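What follows is the content of final.cif (mmCIF, N, CA and C atoms).
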```
data_my_file
loop_
_atom_site.label_atom_id
_atom_site.label_comp_id
_atom_site.auth_asym_id
_atom_site.auth_seq_id
_atom_site.Cartn_x
_atom_site.Cartn_y
_atom_site.Cartn_z
N MET A 1003 27.86 -27.14 -109.39
CA MET A 1003 28.62 -26.02 -109.90
C MET A 1003 29.36 -25.37 -108.73
N LYS A 1004 30.67 -25.21 -108.85
CA LYS A 1004 31.47 -24.61 -107.78
C LYS A 1004 31.43 -23.09 -107.89
N VAL A 1005 31.18 -22.46 -106.73
CA VAL A 1005 31.11 -21.01 -106.67
C VAL A 1005 31.88 -20.50 -105.44
N ILE A 1006 32.25 -19.21 -105.50
CA ILE A 1006 32.86 -18.53 -104.36
C ILE A 1006 31.84 -17.52 -103.84
N LEU A 1007 31.53 -17.59 -102.57
CA LEU A 1007 30.55 -16.67 -101.99
C LEU A 1007 31.20 -15.30 -101.79
N LEU A 1008 30.53 -14.26 -102.28
CA LEU A 1008 31.00 -12.89 -102.12
C LEU A 1008 30.46 -12.25 -100.85
N HIS A 1009 29.39 -12.83 -100.31
CA HIS A 1009 28.74 -12.35 -99.09
C HIS A 1009 28.32 -13.57 -98.28
N ASP A 1010 27.98 -13.36 -97.01
CA ASP A 1010 27.39 -14.44 -96.23
C ASP A 1010 26.02 -14.73 -96.81
N VAL A 1011 25.72 -16.02 -97.04
CA VAL A 1011 24.42 -16.42 -97.57
C VAL A 1011 23.83 -17.42 -96.59
N GLU A 1012 22.65 -17.06 -96.07
CA GLU A 1012 21.99 -17.91 -95.08
C GLU A 1012 21.77 -19.31 -95.63
N ASN A 1013 22.03 -20.30 -94.81
CA ASN A 1013 21.88 -21.73 -95.14
C ASN A 1013 22.82 -22.20 -96.25
N LEU A 1014 23.84 -21.40 -96.59
CA LEU A 1014 24.78 -21.82 -97.62
C LEU A 1014 26.22 -21.69 -97.13
N GLY A 1015 26.59 -20.53 -96.65
CA GLY A 1015 27.95 -20.37 -96.15
C GLY A 1015 28.32 -18.92 -95.91
N ARG A 1016 29.59 -18.73 -95.55
CA ARG A 1016 30.11 -17.40 -95.24
C ARG A 1016 30.92 -16.86 -96.41
N LYS A 1017 31.17 -15.57 -96.35
CA LYS A 1017 31.94 -14.89 -97.39
C LYS A 1017 33.27 -15.62 -97.61
N ASN A 1018 33.66 -15.74 -98.87
CA ASN A 1018 34.90 -16.39 -99.33
C ASN A 1018 34.90 -17.91 -99.23
N ASP A 1019 33.77 -18.53 -98.83
CA ASP A 1019 33.68 -19.99 -98.86
C ASP A 1019 33.54 -20.45 -100.30
N VAL A 1020 34.11 -21.62 -100.61
CA VAL A 1020 33.93 -22.24 -101.92
C VAL A 1020 32.92 -23.36 -101.72
N LYS A 1021 31.81 -23.31 -102.47
CA LYS A 1021 30.73 -24.27 -102.28
C LYS A 1021 30.33 -24.90 -103.60
N ASP A 1022 29.82 -26.11 -103.51
CA ASP A 1022 29.26 -26.80 -104.67
C ASP A 1022 27.75 -26.66 -104.57
N VAL A 1023 27.15 -25.93 -105.53
CA VAL A 1023 25.74 -25.56 -105.46
C VAL A 1023 25.06 -25.98 -106.76
N PRO A 1024 23.79 -26.40 -106.69
CA PRO A 1024 23.07 -26.75 -107.92
C PRO A 1024 23.08 -25.59 -108.93
N SER A 1025 23.30 -25.93 -110.21
CA SER A 1025 23.48 -24.90 -111.24
C SER A 1025 22.25 -24.01 -111.42
N GLY A 1026 21.05 -24.54 -111.26
CA GLY A 1026 19.85 -23.72 -111.40
C GLY A 1026 19.79 -22.64 -110.33
N PHE A 1027 20.14 -22.99 -109.12
CA PHE A 1027 20.15 -22.03 -108.00
C PHE A 1027 21.19 -20.95 -108.26
N VAL A 1028 22.34 -21.35 -108.81
CA VAL A 1028 23.40 -20.40 -109.12
C VAL A 1028 22.94 -19.42 -110.20
N ARG A 1029 22.44 -19.95 -111.34
CA ARG A 1029 22.05 -19.11 -112.48
C ARG A 1029 20.84 -18.24 -112.20
N ASN A 1030 19.86 -18.79 -111.48
CA ASN A 1030 18.60 -18.08 -111.29
C ASN A 1030 18.55 -17.18 -110.06
N PHE A 1031 19.39 -17.45 -109.07
CA PHE A 1031 19.29 -16.66 -107.84
C PHE A 1031 20.61 -16.01 -107.42
N LEU A 1032 21.64 -16.83 -107.25
CA LEU A 1032 22.88 -16.32 -106.66
C LEU A 1032 23.63 -15.32 -107.55
N ILE A 1033 23.80 -15.64 -108.82
CA ILE A 1033 24.52 -14.72 -109.72
C ILE A 1033 23.73 -13.43 -109.96
N PRO A 1034 22.41 -13.49 -110.26
CA PRO A 1034 21.66 -12.24 -110.46
C PRO A 1034 21.69 -11.31 -109.23
N LYS A 1035 21.75 -11.87 -108.04
CA LYS A 1035 21.78 -11.06 -106.81
C LYS A 1035 23.21 -10.64 -106.46
N GLY A 1036 24.20 -11.08 -107.21
CA GLY A 1036 25.59 -10.69 -106.96
C GLY A 1036 26.18 -11.33 -105.70
N LEU A 1037 25.70 -12.51 -105.36
CA LEU A 1037 26.16 -13.17 -104.14
C LEU A 1037 27.35 -14.10 -104.35
N VAL A 1038 27.58 -14.51 -105.62
CA VAL A 1038 28.66 -15.47 -105.91
C VAL A 1038 29.34 -15.13 -107.23
N VAL A 1039 30.52 -15.73 -107.40
CA VAL A 1039 31.19 -15.78 -108.70
C VAL A 1039 31.55 -17.24 -108.93
N LEU A 1040 31.66 -17.60 -110.19
CA LEU A 1040 32.03 -18.98 -110.51
C LEU A 1040 33.45 -19.24 -110.05
N ALA A 1041 33.70 -20.44 -109.55
CA ALA A 1041 35.01 -20.80 -109.02
C ALA A 1041 35.91 -21.29 -110.16
N THR A 1042 36.47 -20.33 -110.90
CA THR A 1042 37.42 -20.66 -111.95
C THR A 1042 38.82 -20.65 -111.35
N LYS A 1043 39.80 -21.08 -112.13
CA LYS A 1043 41.18 -21.10 -111.65
C LYS A 1043 41.63 -19.68 -111.25
N GLU A 1044 41.31 -18.70 -112.07
CA GLU A 1044 41.69 -17.31 -111.80
C GLU A 1044 41.01 -16.77 -110.54
N SER A 1045 39.71 -17.03 -110.40
CA SER A 1045 38.99 -16.51 -109.24
C SER A 1045 39.46 -17.18 -107.95
N LEU A 1046 39.85 -18.46 -108.02
CA LEU A 1046 40.38 -19.13 -106.83
C LEU A 1046 41.75 -18.57 -106.44
N GLU A 1047 42.57 -18.22 -107.45
CA GLU A 1047 43.87 -17.61 -107.17
C GLU A 1047 43.67 -16.23 -106.52
N LYS A 1048 42.73 -15.45 -107.04
CA LYS A 1048 42.42 -14.13 -106.45
C LYS A 1048 41.94 -14.29 -105.01
N LEU A 1049 41.13 -15.32 -104.78
CA LEU A 1049 40.61 -15.58 -103.43
C LEU A 1049 41.76 -15.86 -102.46
N GLU A 1050 42.73 -16.66 -102.87
CA GLU A 1050 43.88 -16.97 -102.01
C GLU A 1050 44.68 -15.71 -101.70
N ILE A 1051 44.89 -14.87 -102.71
CA ILE A 1051 45.62 -13.62 -102.50
C ILE A 1051 44.85 -12.73 -101.53
N GLN A 1052 43.53 -12.64 -101.71
CA GLN A 1052 42.70 -11.82 -100.82
C GLN A 1052 42.73 -12.35 -99.40
N LYS A 1053 42.69 -13.67 -99.22
CA LYS A 1053 42.74 -14.26 -97.88
C LYS A 1053 44.05 -13.92 -97.18
N LYS A 1054 45.17 -13.96 -97.93
CA LYS A 1054 46.47 -13.61 -97.35
C LYS A 1054 46.50 -12.15 -96.92
N LYS A 1055 45.95 -11.26 -97.78
CA LYS A 1055 45.89 -9.84 -97.42
C LYS A 1055 45.04 -9.63 -96.17
N ASP A 1056 43.90 -10.32 -96.10
CA ASP A 1056 43.02 -10.20 -94.94
C ASP A 1056 43.72 -10.66 -93.66
N GLU A 1057 44.49 -11.75 -93.75
CA GLU A 1057 45.24 -12.26 -92.60
C GLU A 1057 46.29 -11.24 -92.15
N GLU A 1058 47.02 -10.66 -93.12
CA GLU A 1058 48.04 -9.67 -92.79
C GLU A 1058 47.41 -8.44 -92.13
N ASN A 1059 46.28 -8.00 -92.68
CA ASN A 1059 45.58 -6.85 -92.10
C ASN A 1059 45.12 -7.15 -90.67
N ALA A 1060 44.61 -8.36 -90.45
CA ALA A 1060 44.15 -8.74 -89.12
C ALA A 1060 45.32 -8.79 -88.13
N GLU A 1061 46.47 -9.30 -88.57
CA GLU A 1061 47.65 -9.34 -87.71
C GLU A 1061 48.12 -7.94 -87.36
N ASN A 1062 48.17 -7.05 -88.36
CA ASN A 1062 48.59 -5.67 -88.11
C ASN A 1062 47.63 -4.96 -87.16
N GLU A 1063 46.35 -5.20 -87.36
CA GLU A 1063 45.33 -4.59 -86.50
C GLU A 1063 45.49 -5.08 -85.06
N LEU A 1064 45.76 -6.38 -84.90
CA LEU A 1064 45.96 -6.95 -83.57
C LEU A 1064 47.18 -6.34 -82.90
N LYS A 1065 48.28 -6.18 -83.62
CA LYS A 1065 49.50 -5.58 -83.06
C LYS A 1065 49.25 -4.15 -82.61
N GLU A 1066 48.55 -3.38 -83.44
CA GLU A 1066 48.23 -1.99 -83.08
C GLU A 1066 47.35 -1.94 -81.84
N MET A 1067 46.35 -2.82 -81.80
CA MET A 1067 45.44 -2.85 -80.65
C MET A 1067 46.20 -3.25 -79.39
N GLU A 1068 47.14 -4.19 -79.49
CA GLU A 1068 47.93 -4.61 -78.33
C GLU A 1068 48.77 -3.44 -77.80
N LYS A 1069 49.32 -2.63 -78.69
CA LYS A 1069 50.10 -1.46 -78.27
C LYS A 1069 49.23 -0.48 -77.48
N ILE A 1070 48.04 -0.20 -78.01
CA ILE A 1070 47.13 0.73 -77.35
C ILE A 1070 46.71 0.21 -75.98
N VAL A 1071 46.37 -1.08 -75.92
CA VAL A 1071 45.92 -1.68 -74.67
C VAL A 1071 47.04 -1.66 -73.63
N SER A 1072 48.27 -1.95 -74.05
CA SER A 1072 49.38 -1.95 -73.10
C SER A 1072 49.65 -0.54 -72.57
N LYS A 1073 49.46 0.49 -73.41
CA LYS A 1073 49.62 1.87 -72.94
C LYS A 1073 48.53 2.25 -71.95
N LEU A 1074 47.31 1.79 -72.22
CA LEU A 1074 46.16 2.13 -71.37
C LEU A 1074 46.17 1.40 -70.04
N ASP A 1075 46.66 0.16 -70.02
CA ASP A 1075 46.60 -0.68 -68.83
C ASP A 1075 47.35 -0.02 -67.68
N GLY A 1076 46.66 0.19 -66.58
CA GLY A 1076 47.27 0.80 -65.41
C GLY A 1076 47.22 2.32 -65.41
N GLU A 1077 46.69 2.92 -66.45
CA GLU A 1077 46.60 4.38 -66.56
C GLU A 1077 45.68 4.93 -65.47
N GLU A 1078 46.06 6.09 -64.93
CA GLU A 1078 45.23 6.77 -63.94
C GLU A 1078 44.59 7.98 -64.60
N ILE A 1079 43.28 8.09 -64.46
CA ILE A 1079 42.54 9.18 -65.07
C ILE A 1079 41.82 9.95 -63.98
N GLU A 1080 42.09 11.24 -63.91
CA GLU A 1080 41.44 12.07 -62.89
C GLU A 1080 40.30 12.84 -63.54
N ILE A 1081 39.15 12.76 -62.92
CA ILE A 1081 37.97 13.48 -63.40
C ILE A 1081 37.50 14.42 -62.30
N GLN A 1082 37.38 15.70 -62.63
CA GLN A 1082 36.91 16.71 -61.70
C GLN A 1082 35.38 16.77 -61.76
N ALA A 1083 34.77 16.89 -60.60
CA ALA A 1083 33.32 16.99 -60.55
C ALA A 1083 32.91 17.86 -59.37
N LYS A 1084 31.78 18.50 -59.47
CA LYS A 1084 31.26 19.29 -58.36
C LYS A 1084 30.59 18.35 -57.37
N MET A 1085 30.84 18.62 -56.07
CA MET A 1085 30.22 17.75 -55.08
C MET A 1085 29.74 18.55 -53.87
N GLY A 1086 28.84 17.93 -53.14
CA GLY A 1086 28.28 18.54 -51.95
C GLY A 1086 29.20 18.37 -50.75
N ASP A 1087 28.72 18.78 -49.59
CA ASP A 1087 29.56 18.76 -48.40
C ASP A 1087 29.84 17.35 -47.87
N LYS A 1088 29.13 16.35 -48.26
CA LYS A 1088 29.37 14.99 -47.77
C LYS A 1088 30.11 14.12 -48.78
N GLY A 1089 30.73 14.74 -49.76
CA GLY A 1089 31.48 13.99 -50.76
C GLY A 1089 30.63 13.37 -51.84
N ARG A 1090 29.36 13.68 -51.84
CA ARG A 1090 28.45 13.15 -52.86
C ARG A 1090 28.49 14.07 -54.08
N LEU A 1091 28.59 13.49 -55.25
CA LEU A 1091 28.67 14.26 -56.49
C LEU A 1091 27.30 14.81 -56.89
N PHE A 1092 27.30 16.00 -57.48
CA PHE A 1092 26.07 16.57 -58.02
C PHE A 1092 25.69 15.89 -59.34
N GLU A 1093 26.70 15.38 -60.03
CA GLU A 1093 26.46 14.67 -61.29
C GLU A 1093 27.17 13.33 -61.20
N SER A 1094 26.60 12.31 -61.79
CA SER A 1094 27.25 11.01 -61.75
C SER A 1094 28.24 10.90 -62.91
N ILE A 1095 29.27 10.10 -62.69
CA ILE A 1095 30.28 9.86 -63.72
C ILE A 1095 29.90 8.55 -64.40
N ASN A 1096 29.51 8.63 -65.67
CA ASN A 1096 29.06 7.45 -66.40
C ASN A 1096 30.07 7.06 -67.48
N LYS A 1097 29.73 6.04 -68.24
CA LYS A 1097 30.62 5.53 -69.29
C LYS A 1097 30.97 6.61 -70.31
N GLN A 1098 29.99 7.44 -70.65
CA GLN A 1098 30.22 8.48 -71.65
C GLN A 1098 31.25 9.49 -71.17
N LYS A 1099 31.18 9.89 -69.91
CA LYS A 1099 32.14 10.86 -69.37
C LYS A 1099 33.54 10.26 -69.32
N ILE A 1100 33.64 8.99 -68.98
CA ILE A 1100 34.94 8.32 -68.97
C ILE A 1100 35.48 8.25 -70.39
N SER A 1101 34.63 7.88 -71.35
CA SER A 1101 35.03 7.81 -72.75
C SER A 1101 35.51 9.17 -73.26
N ASP A 1102 34.78 10.23 -72.91
CA ASP A 1102 35.17 11.59 -73.33
C ASP A 1102 36.53 11.97 -72.75
N LYS A 1103 36.76 11.63 -71.48
CA LYS A 1103 38.03 11.96 -70.83
C LYS A 1103 39.18 11.20 -71.50
N LEU A 1104 38.95 9.93 -71.86
CA LEU A 1104 39.97 9.15 -72.55
C LEU A 1104 40.26 9.73 -73.93
N LYS A 1105 39.22 10.25 -74.61
CA LYS A 1105 39.42 10.87 -75.92
C LYS A 1105 40.25 12.13 -75.79
N GLU A 1106 40.03 12.90 -74.71
CA GLU A 1106 40.85 14.09 -74.46
C GLU A 1106 42.32 13.71 -74.31
N MET A 1107 42.56 12.52 -73.75
CA MET A 1107 43.93 12.06 -73.52
C MET A 1107 44.54 11.40 -74.76
N GLY A 1108 43.75 11.29 -75.82
CA GLY A 1108 44.27 10.75 -77.07
C GLY A 1108 43.94 9.29 -77.33
N TYR A 1109 43.10 8.69 -76.51
CA TYR A 1109 42.70 7.29 -76.70
C TYR A 1109 41.31 7.24 -77.29
N THR A 1110 41.11 6.35 -78.24
CA THR A 1110 39.78 6.17 -78.82
C THR A 1110 39.14 4.97 -78.14
N VAL A 1111 38.29 5.23 -77.17
CA VAL A 1111 37.60 4.17 -76.43
C VAL A 1111 36.11 4.50 -76.46
N GLU A 1112 35.33 3.61 -77.00
CA GLU A 1112 33.88 3.81 -77.06
C GLU A 1112 33.26 3.47 -75.71
N LYS A 1113 32.13 4.06 -75.42
CA LYS A 1113 31.50 3.80 -74.12
C LYS A 1113 31.06 2.34 -73.99
N THR A 1114 30.82 1.67 -75.11
CA THR A 1114 30.43 0.25 -75.05
C THR A 1114 31.59 -0.65 -74.64
N GLN A 1115 32.82 -0.13 -74.72
CA GLN A 1115 33.99 -0.91 -74.35
C GLN A 1115 34.32 -0.76 -72.86
N ILE A 1116 33.61 0.10 -72.16
CA ILE A 1116 33.87 0.36 -70.75
C ILE A 1116 32.92 -0.47 -69.89
N GLU A 1117 33.48 -1.21 -68.95
CA GLU A 1117 32.66 -2.01 -68.04
C GLU A 1117 32.46 -1.24 -66.75
N LEU A 1118 31.27 -0.72 -66.58
CA LEU A 1118 30.92 0.03 -65.39
C LEU A 1118 29.47 -0.31 -65.07
N GLU A 1119 29.26 -1.06 -63.97
CA GLU A 1119 27.91 -1.53 -63.66
C GLU A 1119 26.95 -0.38 -63.40
N ASN A 1120 27.38 0.55 -62.54
CA ASN A 1120 26.54 1.70 -62.20
C ASN A 1120 27.36 2.97 -62.29
N PRO A 1121 26.73 4.09 -62.61
CA PRO A 1121 27.47 5.35 -62.63
C PRO A 1121 28.08 5.65 -61.26
N ILE A 1122 29.22 6.31 -61.26
CA ILE A 1122 29.92 6.65 -60.03
C ILE A 1122 29.27 7.92 -59.45
N LYS A 1123 28.91 7.86 -58.15
CA LYS A 1123 28.19 8.98 -57.55
C LYS A 1123 28.93 9.58 -56.36
N GLU A 1124 30.11 9.03 -56.02
CA GLU A 1124 30.87 9.54 -54.89
C GLU A 1124 32.33 9.70 -55.28
N ALA A 1125 33.00 10.65 -54.62
CA ALA A 1125 34.42 10.86 -54.87
C ALA A 1125 35.20 9.64 -54.40
N GLY A 1126 36.35 9.41 -55.04
CA GLY A 1126 37.18 8.28 -54.65
C GLY A 1126 37.92 7.71 -55.85
N GLU A 1127 38.51 6.53 -55.64
CA GLU A 1127 39.25 5.84 -56.69
C GLU A 1127 38.50 4.58 -57.07
N TYR A 1128 38.39 4.33 -58.37
CA TYR A 1128 37.65 3.19 -58.87
C TYR A 1128 38.45 2.51 -59.97
N MET A 1129 38.50 1.18 -59.93
CA MET A 1129 39.15 0.41 -60.99
C MET A 1129 38.08 0.07 -62.02
N VAL A 1130 38.36 0.35 -63.28
CA VAL A 1130 37.39 0.12 -64.36
C VAL A 1130 38.07 -0.69 -65.46
N LYS A 1131 37.36 -1.72 -65.94
CA LYS A 1131 37.89 -2.56 -67.02
C LYS A 1131 37.44 -2.03 -68.37
N LEU A 1132 38.35 -2.12 -69.34
CA LEU A 1132 38.04 -1.77 -70.72
C LEU A 1132 38.20 -3.04 -71.55
N LYS A 1133 37.23 -3.35 -72.37
CA LYS A 1133 37.29 -4.54 -73.22
C LYS A 1133 37.39 -4.12 -74.68
N PHE A 1134 38.34 -4.75 -75.39
CA PHE A 1134 38.58 -4.42 -76.79
C PHE A 1134 38.40 -5.66 -77.66
N GLU A 1135 38.49 -5.45 -78.97
CA GLU A 1135 38.42 -6.57 -79.91
C GLU A 1135 39.58 -7.53 -79.64
N HIS A 1136 39.48 -8.73 -80.17
CA HIS A 1136 40.50 -9.77 -80.02
C HIS A 1136 40.66 -10.21 -78.56
N ASN A 1137 39.62 -10.04 -77.76
CA ASN A 1137 39.61 -10.43 -76.34
C ASN A 1137 40.71 -9.74 -75.54
N LEU A 1138 41.06 -8.52 -75.87
CA LEU A 1138 42.06 -7.76 -75.13
C LEU A 1138 41.36 -6.92 -74.07
N GLU A 1139 42.00 -6.81 -72.90
CA GLU A 1139 41.44 -6.04 -71.80
C GLU A 1139 42.50 -5.13 -71.20
N ALA A 1140 42.06 -4.03 -70.63
CA ALA A 1140 42.93 -3.13 -69.88
C ALA A 1140 42.16 -2.70 -68.64
N GLU A 1141 42.89 -2.37 -67.59
CA GLU A 1141 42.24 -1.90 -66.38
C GLU A 1141 42.83 -0.53 -66.04
N ILE A 1142 41.95 0.43 -65.84
CA ILE A 1142 42.39 1.79 -65.54
C ILE A 1142 41.85 2.21 -64.18
N LYS A 1143 42.50 3.20 -63.58
CA LYS A 1143 42.04 3.73 -62.30
C LYS A 1143 41.41 5.09 -62.57
N ILE A 1144 40.17 5.22 -62.14
CA ILE A 1144 39.45 6.49 -62.27
C ILE A 1144 39.50 7.16 -60.90
N ILE A 1145 40.04 8.36 -60.86
CA ILE A 1145 40.12 9.13 -59.62
C ILE A 1145 39.13 10.29 -59.74
N ILE A 1146 38.11 10.26 -58.88
CA ILE A 1146 37.09 11.29 -58.89
C ILE A 1146 37.40 12.27 -57.76
N SER A 1147 37.62 13.51 -58.14
CA SER A 1147 37.86 14.54 -57.14
C SER A 1147 37.09 15.79 -57.56
N GLY A 1148 36.94 16.69 -56.64
CA GLY A 1148 36.21 17.89 -57.02
C GLY A 1148 36.19 18.91 -55.92
N SER A 1149 35.48 19.96 -56.20
CA SER A 1149 35.36 21.04 -55.24
C SER A 1149 33.98 21.04 -54.63
N GLU A 1150 33.92 21.43 -53.39
CA GLU A 1150 32.63 21.47 -52.71
C GLU A 1150 31.87 22.72 -53.12
N GLU A 1151 30.59 22.57 -53.37
CA GLU A 1151 29.71 23.70 -53.70
C GLU A 1151 29.15 24.27 -52.42
N LYS A 1152 29.05 25.57 -52.36
CA LYS A 1152 28.50 26.19 -51.13
C LYS A 1152 27.25 26.95 -51.46
#
```

Kindly transcribe the structure held in the file into structure tokens.
Amino acid sequence: MKVILLHDVENLGRKNDVKDVPSGFVRNFLIPKGLVVLATKESLEKLEIQKKKDEENAENELKEMEKIVSKLDGEEIEIQAKMGDKGRLFESINKQKISDKLKEMGYTVEKTQIELENPIKEAGEYMVKLKFEHNLEAEIKIIISGSEEK
């Protein structure tokens, strides 16, 4: 019996796959759980239309992401921090602080997208990589400056 998977089904296939499955398994398990629909002419036509929409959405999403990444690439971000007399910061600059600063500037970058091995603990300039979906990357310069505490 030919069916269209509505969800990923372990040991059977991924969403939108068309599979030939034993009829007992379809009637007794897959249909009652809402995991499949029968592969009729109409449902196959709907599937093709849905696949085209999904492709268009993915292309549009990729174009938007490329625009954002190209704007971010090479951006310089200055972060103010309090530091002691030897240039050592009282607080470290971590992924969350960088993410917050980028959000202030109008960019939506999650801390999981920021590649920073260790928090920054000294004033200076640091190159930081940002990784996005679709294997897109940007590199930004973080400039840490601040005032000395007395």

**Message:** Write out as a VMD selection string the set of residues from chain A that DSSP, computed on the backbone, places in strand (DSSP E).
**Reply:** chain A and resid 1004 to 1007 1020 to 1022 1038 to 1040 1078 to 1085 1090 to 1095 1116 to 1117 1122 to 1124 1126 to 1134 1138 to 1150

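Using all atoms listed in the file for every distance, the candidate list A:Glu1112, A:Glu1124, A:Lys1048, A:Leu1138 yields A:Glu1112 as the residue closest to Ile1100 in chain A.
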
Quick one: residues within 5 Å of Gln1115 in chain A, only N, CA and C atoms counted, chain neighbours fewer than 2 positions away excluded, as a PDB file with N, CA and C atoms, keeping the file's coordinate frame?
```pdb
ATOM      1  N   GLU A1112      35.330   3.610 -77.000  1.00  0.00           N
ATOM      2  CA  GLU A1112      33.880   3.810 -77.060  1.00  0.00           C
ATOM      3  C   GLU A1112      33.260   3.470 -75.710  1.00  0.00           C
ATOM      4  N   LYS A1113      32.130   4.060 -75.420  1.00  0.00           N
ATOM      5  CA  LYS A1113      31.500   3.800 -74.120  1.00  0.00           C
ATOM      6  C   LYS A1113      31.060   2.340 -73.990  1.00  0.00           C
ATOM      7  N   GLU A1117      33.480  -1.210 -68.950  1.00  0.00           N
ATOM      8  CA  GLU A1117      32.660  -2.010 -68.040  1.00  0.00           C
ATOM      9  C   GLU A1117      32.460  -1.240 -66.750  1.00  0.00           C
ATOM     10  N   LEU A1132      38.350  -2.120 -69.340  1.00  0.00           N
ATOM     11  CA  LEU A1132      38.040  -1.770 -70.720  1.00  0.00           C
ATOM     12  C   LEU A1132      38.200  -3.040 -71.550  1.00  0.00           C
ATOM     13  N   LYS A1133      37.230  -3.350 -72.370  1.00  0.00           N
ATOM     14  CA  LYS A1133      37.290  -4.540 -73.220  1.00  0.00           C
ATOM     15  C   LYS A1133      37.390  -4.120 -74.680  1.00  0.00           C
TER      16      LYS A1133
END
```

**Asked** Which neighbours of range 1003-1014 of chain A fall inside 8 Å, counting all atoms listed in the file, when residues of the same chain fewer than 2 positions from it are skipped, and could you give them as a PyMOL selection string?
**Response** chain A and resi 1016-1026+1028+1036-1042+1045-1046

Taking 4 positions as the minimum chain separation for residues in the same chain, which residues sit within 12 Å of range 1060-1073 of chain A when counting only C-alpha atoms? Answer as a short mmCIF file (atom, residue, chain, number, x, y, z; two decimals) with N, CA and C atoms, in the frame of the given file.
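What ended up in out-v8.cif:
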```cif
data_model
loop_
_atom_site.label_atom_id
_atom_site.label_comp_id
_atom_site.auth_asym_id
_atom_site.auth_seq_id
_atom_site.Cartn_x
_atom_site.Cartn_y
_atom_site.Cartn_z
N LYS A 1053 42.69 -13.67 -99.22
CA LYS A 1053 42.74 -14.26 -97.88
C LYS A 1053 44.05 -13.92 -97.18
N LYS A 1054 45.17 -13.96 -97.93
CA LYS A 1054 46.47 -13.61 -97.35
C LYS A 1054 46.50 -12.15 -96.92
N LYS A 1055 45.95 -11.26 -97.78
CA LYS A 1055 45.89 -9.84 -97.42
C LYS A 1055 45.04 -9.63 -96.17
N ASP A 1056 43.90 -10.32 -96.10
CA ASP A 1056 43.02 -10.20 -94.94
C ASP A 1056 43.72 -10.66 -93.66
N GLU A 1077 46.69 2.92 -66.45
CA GLU A 1077 46.60 4.38 -66.56
C GLU A 1077 45.68 4.93 -65.47
N GLU A 1078 46.06 6.09 -64.93
CA GLU A 1078 45.23 6.77 -63.94
C GLU A 1078 44.59 7.98 -64.60
N MET A 1107 42.56 12.52 -73.75
CA MET A 1107 43.93 12.06 -73.52
C MET A 1107 44.54 11.40 -74.76
N GLY A 1108 43.75 11.29 -75.82
CA GLY A 1108 44.27 10.75 -77.07
C GLY A 1108 43.94 9.29 -77.33
N TYR A 1109 43.10 8.69 -76.51
CA TYR A 1109 42.70 7.29 -76.70
C TYR A 1109 41.31 7.24 -77.29
N THR A 1110 41.11 6.35 -78.24
CA THR A 1110 39.78 6.17 -78.82
C THR A 1110 39.14 4.97 -78.14
N VAL A 1111 38.29 5.23 -77.17
CA VAL A 1111 37.60 4.17 -76.43
C VAL A 1111 36.11 4.50 -76.46
N GLN A 1115 32.82 -0.13 -74.72
CA GLN A 1115 33.99 -0.91 -74.35
C GLN A 1115 34.32 -0.76 -72.86
N LYS A 1131 37.36 -1.72 -65.94
CA LYS A 1131 37.89 -2.56 -67.02
C LYS A 1131 37.44 -2.03 -68.37
N LEU A 1132 38.35 -2.12 -69.34
CA LEU A 1132 38.04 -1.77 -70.72
C LEU A 1132 38.20 -3.04 -71.55
N LYS A 1133 37.23 -3.35 -72.37
CA LYS A 1133 37.29 -4.54 -73.22
C LYS A 1133 37.39 -4.12 -74.68
N PHE A 1134 38.34 -4.75 -75.39
CA PHE A 1134 38.58 -4.42 -76.79
C PHE A 1134 38.40 -5.66 -77.66
N GLU A 1135 38.49 -5.45 -78.97
CA GLU A 1135 38.42 -6.57 -79.91
C GLU A 1135 39.58 -7.53 -79.64
N HIS A 1136 39.48 -8.73 -80.17
CA HIS A 1136 40.50 -9.77 -80.02
C HIS A 1136 40.66 -10.21 -78.56
N ASN A 1137 39.62 -10.04 -77.76
CA ASN A 1137 39.61 -10.43 -76.34
C ASN A 1137 40.71 -9.74 -75.54
N LEU A 1138 41.06 -8.52 -75.87
CA LEU A 1138 42.06 -7.76 -75.13
C LEU A 1138 41.36 -6.92 -74.07
N GLU A 1139 42.00 -6.81 -72.90
CA GLU A 1139 41.44 -6.04 -71.80
C GLU A 1139 42.50 -5.13 -71.20
N ALA A 1140 42.06 -4.03 -70.63
CA ALA A 1140 42.93 -3.13 -69.88
C ALA A 1140 42.16 -2.70 -68.64
N GLU A 1141 42.89 -2.37 -67.59
CA GLU A 1141 42.24 -1.90 -66.38
C GLU A 1141 42.83 -0.53 -66.04
N ILE A 1142 41.95 0.43 -65.84
CA ILE A 1142 42.39 1.79 -65.54
C ILE A 1142 41.85 2.21 -64.18
#
```

Would you translate the PyMOL selection byres (((chain A and resi 1088 and name CA) around 10) and name CA) into the concrete set of residues it matches in this file, as a short mmCIF file (atom, residue, chain, number, x, y, z; two decimals) with N, CA and C atoms, keeping the file's coordinate frame?
```cif
data_model
loop_
_atom_site.label_atom_id
_atom_site.label_comp_id
_atom_site.auth_asym_id
_atom_site.auth_seq_id
_atom_site.Cartn_x
_atom_site.Cartn_y
_atom_site.Cartn_z
N MET A 1085 30.84 18.62 -56.07
CA MET A 1085 30.22 17.75 -55.08
C MET A 1085 29.74 18.55 -53.87
N GLY A 1086 28.84 17.93 -53.14
CA GLY A 1086 28.28 18.54 -51.95
C GLY A 1086 29.20 18.37 -50.75
N ASP A 1087 28.72 18.78 -49.59
CA ASP A 1087 29.56 18.76 -48.40
C ASP A 1087 29.84 17.35 -47.87
N GLY A 1089 30.73 14.74 -49.76
CA GLY A 1089 31.48 13.99 -50.76
C GLY A 1089 30.63 13.37 -51.84
N ARG A 1090 29.36 13.68 -51.84
CA ARG A 1090 28.45 13.15 -52.86
C ARG A 1090 28.49 14.07 -54.08
N LEU A 1091 28.59 13.49 -55.25
CA LEU A 1091 28.67 14.26 -56.49
C LEU A 1091 27.30 14.81 -56.89
N GLU A 1124 30.11 9.03 -56.02
CA GLU A 1124 30.87 9.54 -54.89
C GLU A 1124 32.33 9.70 -55.28
N ALA A 1125 33.00 10.65 -54.62
CA ALA A 1125 34.42 10.86 -54.87
C ALA A 1125 35.20 9.64 -54.40
N GLU A 1150 33.92 21.43 -53.39
CA GLU A 1150 32.63 21.47 -52.71
C GLU A 1150 31.87 22.72 -53.12
#
```
